[in-house]
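Here is the structure we will look at.
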Amino acid sequence: MPHMLLIHEPVGQRATRTDAEGRALYERMLRWGEELRSRGLLLGAESLASQDRAVRVSVPGGKARIVDGPFAEAKEMVGGFFLVNVDSREEAVALAQQCPAAEWATVEVRGLAPCFDR
């Protein structure tokens, strides 16, 4: 059962770290990802750039609306993800509890499903 572990971190949190602190946290995340890979659980993982380089696109009524970041209304941003293949939601939740990012961010656990699945 594929599950996405989405890392939600406070906007601006990255700017509070020194370069060395940021690199150390990133290395921890990479090591954790490699541990998941060695166990055959990791399907994919990526860190995402800060939302100040993001853009939001919608096309309501056929008219494109493009909004450049940063997004003032946002209190959190998706900082990255791990896509894992586990036997159950409970196993995905257990992995989220082990994720190093859970110490400084929130890890959202979402199963993969078609958009019509409620």
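Labeling convention for the structure tokens: chains A, B, ... as they appear, residues from 1 per chain, ligands from 1 in order of appearance.
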Using DSSP secondary structure from the backbone, list all strand (DSSP E or B) positions within range 24-118 of chain A, as an mmCIF file with C-alpha atoms, in the first residue's frame.
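As a result, selection_36.cif now contains:
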```
data_model
loop_
_atom_site.group_PDB
_atom_site.id
_atom_site.type_symbol
_atom_site.label_atom_id
_atom_site.label_comp_id
_atom_site.auth_asym_id
_atom_site.auth_seq_id
_atom_site.Cartn_x
_atom_site.Cartn_y
_atom_site.Cartn_z
ATOM 1 C CA LEU A 42 11.148 3.575 -0.108
ATOM 2 C CA LEU A 43 9.622 4.267 -3.517
ATOM 3 C CA GLY A 44 10.861 7.856 -3.738
ATOM 4 C CA ALA A 45 11.844 10.901 -1.701
ATOM 5 C CA GLU A 46 12.643 14.530 -2.413
ATOM 6 C CA SER A 47 13.264 17.743 -0.564
ATOM 7 C CA VAL A 55 4.011 29.286 -8.131
ATOM 8 C CA ARG A 56 0.359 28.304 -7.805
ATOM 9 C CA VAL A 57 -1.661 27.729 -10.959
ATOM 10 C CA SER A 58 -5.426 27.420 -11.294
ATOM 11 C CA ARG A 65 -4.625 32.434 -12.518
ATOM 12 C CA ILE A 66 -0.951 32.323 -11.562
ATOM 13 C CA VAL A 67 0.258 33.408 -8.133
ATOM 14 C CA ASP A 68 3.971 33.599 -7.340
ATOM 15 C CA GLU A 76 3.181 25.987 6.695
ATOM 16 C CA MET A 77 4.790 24.738 3.528
ATOM 17 C CA VAL A 78 5.401 21.270 2.179
ATOM 18 C CA GLY A 79 9.132 20.842 2.595
ATOM 19 C CA GLY A 80 9.474 17.385 1.089
ATOM 20 C CA PHE A 81 8.120 13.889 0.975
ATOM 21 C CA PHE A 82 8.844 10.207 1.278
ATOM 22 C CA LEU A 83 6.811 7.796 -0.825
ATOM 23 C CA VAL A 84 6.799 4.430 0.908
ATOM 24 C CA ASN A 85 5.255 1.054 0.182
ATOM 25 C CA THR A 106 4.594 17.747 11.028
ATOM 26 C CA VAL A 107 4.549 14.564 8.976
ATOM 27 C CA GLU A 108 1.212 14.009 7.235
ATOM 28 C CA VAL A 109 0.451 10.413 6.251
ATOM 29 C CA ARG A 110 -1.685 9.978 3.129
ATOM 30 C CA GLY A 111 -2.538 6.819 1.255
#
```
Report task. Give the helix (DSSP H, G or I) residues of range 6-118 of chain A, as DSSP finds them on the backbone, and put them as a VMD selection string. Result -> chain A and resid 13 to 16 19 to 38 51 to 53 60 to 62 89 to 98 100 to 103
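The protein and nucleic acid residues lying at most 10 Å from Pro70 in chain A are Val11, Ser50, Gln51, Asp52, Arg53, Ala54, Val55 and Met77 of chain A, with only C-alpha atoms considered and sequence neighbours fewer than 5 positions away removed.
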Based on the selection just made, write N, CA, C and O atoms of those residues as a compact mmCIF listing (two decimals), in the first residue's frame.
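Generated output (again-v1.txt):
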```txt
# COMPACT_ATOMS: atom_id res chain seq x y z
N VAL A 11 6.61 28.07 7.78
CA VAL A 11 7.21 29.01 6.84
C VAL A 11 8.29 29.81 7.57
O VAL A 11 8.10 30.25 8.69
N SER A 50 12.13 26.09 -1.00
CA SER A 50 11.26 26.95 -0.21
C SER A 50 10.14 27.50 -1.09
O SER A 50 10.30 27.69 -2.29
N GLN A 51 9.00 27.79 -0.48
CA GLN A 51 7.86 28.26 -1.25
C GLN A 51 8.04 29.65 -1.84
O GLN A 51 7.26 30.07 -2.68
N ASP A 52 9.08 30.36 -1.46
CA ASP A 52 9.28 31.68 -2.07
C ASP A 52 9.66 31.56 -3.54
O ASP A 52 9.62 32.53 -4.29
N ARG A 53 10.00 30.33 -3.99
CA ARG A 53 10.28 30.09 -5.41
C ARG A 53 9.15 29.31 -6.08
O ARG A 53 9.29 28.86 -7.21
N ALA A 54 8.04 29.15 -5.39
CA ALA A 54 6.92 28.37 -5.92
C ALA A 54 5.94 29.25 -6.68
O ALA A 54 5.96 30.47 -6.57
N VAL A 55 5.09 28.61 -7.43
CA VAL A 55 4.01 29.29 -8.13
C VAL A 55 2.77 28.40 -8.03
O VAL A 55 2.87 27.17 -8.04
N MET A 77 4.50 25.09 4.91
CA MET A 77 4.79 24.74 3.53
C MET A 77 5.18 23.27 3.49
O MET A 77 5.64 22.72 4.48
```
Report summary line: Expressed in Å, the length from CA of Asp87 in chain A to CA of Arg118 in chain A is 20.3 Å
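Reported to one decimal place, the separation of CA of Glu103 in chain A from CA of Gln13 in chain A is 12.7 Å.
CA of Leu6 in chain A is found 23.8 Å from CA of Ala20 in chain A.
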Report summary line: Across A:Trp104, A:Leu36, A:Lys75, A:Pro60, the smallest distance to Gly12 in chain A, with only C-alpha atoms counted, is shown by A:Lys75
Query raised in the report: If you count only C-alpha atoms, which residues fall within 7 Å of range 28-35 of chain A, apart from same-chain ones fewer than 4 positions away, as number ranges by chain?
Result: A: 24, 39, 100
Selection from above, all heavy atoms, as a JSON list (two decimals), in the first residue's frame, can you write it?
```
[["chain", "number", "residue", "atom", "x", "y", "z"],
["A", 24, "ALA", "N", 23.19, 19.54, 8.35],
["A", 24, "ALA", "CA", 23.16, 18.40, 9.28],
["A", 24, "ALA", "C", 21.77, 17.76, 9.31],
["A", 24, "ALA", "O", 21.65, 16.52, 9.29],
["A", 24, "ALA", "CB", 23.57, 18.85, 10.68],
["A", 39, "ARG", "N", 15.52, -1.32, 3.50],
["A", 39, "ARG", "CA", 14.46, -2.21, 3.99],
["A", 39, "ARG", "C", 13.43, -2.52, 2.90],
["A", 39, "ARG", "O", 12.46, -3.22, 3.15],
["A", 39, "ARG", "CB", 13.78, -1.57, 5.21],
["A", 39, "ARG", "CG", 14.71, -1.47, 6.40],
["A", 39, "ARG", "CD", 14.17, -0.59, 7.51],
["A", 39, "ARG", "NE", 12.85, -0.96, 7.97],
["A", 39, "ARG", "CZ", 12.10, -0.18, 8.75],
["A", 39, "ARG", "NH1", 12.54, 1.00, 9.14],
["A", 39, "ARG", "NH2", 10.91, -0.57, 9.12],
["A", 100, "PRO", "N", 12.97, 11.75, 11.08],
["A", 100, "PRO", "CA", 13.65, 12.83, 11.80],
["A", 100, "PRO", "C", 12.91, 14.17, 11.72],
["A", 100, "PRO", "O", 12.91, 14.93, 12.68],
["A", 100, "PRO", "CB", 15.02, 12.92, 11.11],
["A", 100, "PRO", "CG", 15.25, 11.56, 10.55],
["A", 100, "PRO", "CD", 13.89, 11.07, 10.15]]
```
